[in-house]
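Okay, so here's the structure we're looking at.
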Amino acid sequence: MSDRGYPDAVADEFTAPPTEFTDREDRTVELRPYENTEREREALVEMYDSFDPADRAQGIPPGGEERIREWLDAILGGECRNVIAWCGDEVAGHATLVPDGDAYELAIFVHQEYQRAGIGTYLIRGLLGHGQAEGIEKVWLTVERWNRAAVSLYKKIGFETSDAESFELEMGLRLNPDAEREEPDEDQ
Amino acid sequence: MKVLCGIGGSDDSFRALDRTVERAAVADDDLTVAVVENPDSSVEPDEIVQRAESAIEEAGLDADVRLIEGDPGSRIVEIAEAEGFEEIVLGGGHTSPMGKITIGSIAEFVLLNAKTSVTLVR
């Protein structure tokens, strides 16, 4: 789909990972871009295999190891951009940008053991920082409208609602100016 | 069973068509295919009708294909009620490259307003 709406203004600058922070439970969490290693992939499978189905959104993450692996193949490869939140050797959360036409679709998951500790906020900012550094221009997402915590987080970050007419809200964010659109030079 | 399958030309609607035709052949359903105007679809209504007719013919079924004008969701519900259909079958939603499923506006309206059971085909 190419008729999605995005804010005219470009979002704040987000810090690109690798970064480190302490969550509200005093755990040290590291954010790192996914580097396509076996170890990262297996740690992700482990996180999603024990992910509570109650926190699934619109069918993802899928259930069962086989489907999880298929889904990860689709969102970790090619032009996809991924950031992992590590707590030691364990994946606490994972956020992804998947290409869709001229924009990227965003999704973020924090494992139940690590929720309500502020990790999601750091993780989404880290992913957007990574995407910004990689030159991604536009990002969109859908969120279930009852999920107020998520909706207010996305708004705080700068996402604007682009479609409010279906079950899910659709929101958009501009990370970098359009390549074709020349920005006026203020010095001249 | 008297089944009304509503399709508008999206990928998931064609999936619903194929599955419903397949099942109708096995279960001896009395099938009607309603081709509706889905504003999100780029396939022309005549082409959708042709696809429906050839799927029905291939399965050796005797089913009615109708081109329905007007608001898709409300027309499907109206036809189902007026003609005593027992089940409505629709596409089960669009899947984004991410794998997220979104239910279309037609399915949403029919789900909330139909008196019959509604099947969304995945």
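Following the order of the structure tokens, chains are lettered A, B, ..., residues in each are numbered from 1, and ligands are numbered from 1.
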### Query
Residues of chain B in strand (DSSP E) according to DSSP, as an MDAnalysis selection string?
chainID B and resid 2:7 30:35 64:67 87:91 94:95 101:102 117:121
Export of the given selection (C-alpha atoms) as a short mmCIF file (atom, residue, chain, number, x, y, z; two decimals), in the first residue's frame:
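Output below, filename out.cif:
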```cif
data_model
loop_
_atom_site.label_atom_id
_atom_site.label_comp_id
_atom_site.auth_asym_id
_atom_site.auth_seq_id
_atom_site.Cartn_x
_atom_site.Cartn_y
_atom_site.Cartn_z
CA LYS B 2 -27.19 -22.39 1.70
CA VAL B 3 -23.91 -20.46 1.48
CA LEU B 4 -23.21 -16.90 0.32
CA CYS B 5 -19.57 -16.21 -0.56
CA GLY B 6 -18.74 -12.52 -0.94
CA ILE B 7 -15.65 -11.59 -2.96
CA ASP B 30 -26.18 -24.55 -2.32
CA LEU B 31 -23.61 -21.86 -3.19
CA THR B 32 -24.07 -18.30 -4.41
CA VAL B 33 -21.07 -16.07 -5.13
CA ALA B 34 -21.65 -12.34 -4.67
CA VAL B 35 -19.09 -10.19 -6.48
CA ASP B 64 -24.99 -18.65 -9.09
CA VAL B 65 -22.55 -15.74 -9.58
CA ARG B 66 -24.01 -12.26 -9.09
CA LEU B 67 -22.51 -8.84 -9.57
CA GLU B 87 -23.69 -18.88 6.21
CA ILE B 88 -21.62 -16.02 4.79
CA VAL B 89 -18.03 -16.72 3.71
CA LEU B 90 -15.47 -13.95 3.23
CA GLY B 91 -11.72 -13.53 2.88
CA HIS B 94 -4.80 -9.04 4.35
CA THR B 95 -1.38 -10.13 5.66
CA ILE B 101 -3.31 -9.74 9.69
CA THR B 102 -5.71 -6.88 9.05
CA SER B 117 -22.62 -17.38 11.03
CA VAL B 118 -19.72 -15.78 9.19
CA THR B 119 -16.64 -17.72 8.10
CA LEU B 120 -13.40 -15.88 7.44
CA VAL B 121 -11.07 -18.04 5.36
#
```
### Message
I need the chain A residues near chain B as a ChimeraX atom specification; criterion: at most 9 Å, counting only C-alpha atoms.
### Response
/A:57-62,71,74-75,96-100,105-107,142,165-168
### Residues near Tyr114 in chain A, cut-off 12 Å, only C-alpha atoms, skip fewer than 2 positions along chain, as a PyMOL selection string
chain A and resi 23-29+47+51+85-87+90-94+109-112+116-120+123
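Taking CA of Ala107 in chain B as the reference point, CA of Glu86 in chain B is found at 16.6 Å.
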### Query
Which of range 11-117 of chain A counts as alpha helix (DSSP H) under DSSP, as number ranges by chain please?
A: 38-49, 65-76
### Query
Leu128 in chain A: which residues within 9 Å, counting only C-alpha atoms, same-chain residues fewer than 3 positions away excluded, as a PyMOL selection string?
chain A and resi 13-16+97+123-125+131-133+136+139+175
### Task
Write out as a ChimeraX atom specification the residues lying within 9 Å of Asp29 in chain B, counting only C-alpha atoms and excluding same-chain residues fewer than 4 positions away.
/B:1-3,21,23-25
File of the preceding selection, N, CA and C atoms, as a CSV table (one decimal), in the first residue's frame:
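That gives us result37.csv:
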```csv
chain,number,residue,atom,x,y,z
B,1,MET,N,-26.1,-27.0,2.8
B,1,MET,CA,-26.3,-25.7,3.4
B,1,MET,C,-26.3,-24.5,2.4
B,2,LYS,N,-27.1,-23.5,2.6
B,2,LYS,CA,-27.2,-22.4,1.7
B,2,LYS,C,-26.1,-21.3,2.0
B,3,VAL,N,-25.1,-21.2,1.2
B,3,VAL,CA,-23.9,-20.5,1.5
B,3,VAL,C,-23.8,-19.3,0.5
B,21,VAL,N,-15.7,-23.0,-2.9
B,21,VAL,CA,-16.1,-23.9,-4.0
B,21,VAL,C,-15.7,-25.3,-3.7
B,23,ARG,N,-15.3,-26.8,-0.8
B,23,ARG,CA,-16.1,-27.4,0.2
B,23,ARG,C,-17.5,-27.7,-0.3
B,24,ALA,N,-18.0,-26.7,-1.1
B,24,ALA,CA,-19.4,-26.9,-1.7
B,24,ALA,C,-19.5,-28.1,-2.5
B,25,ALA,N,-18.4,-28.5,-3.2
B,25,ALA,CA,-18.4,-29.7,-4.1
B,25,ALA,C,-18.5,-30.9,-3.2
```
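If you look at CA of Ala149 in chain A and CA of Ala11 in chain A, they are 20.3 Å away from each other.
The closest residue to Ser162 in chain A, picked from A:Ala179, A:Leu141, A:Ala43, A:Cys80 and counting only C-alpha atoms, is A:Leu141.
Take CA of Glu70 in chain A and CA of Asp89 in chain A: the distance between them is 22.6 Å.
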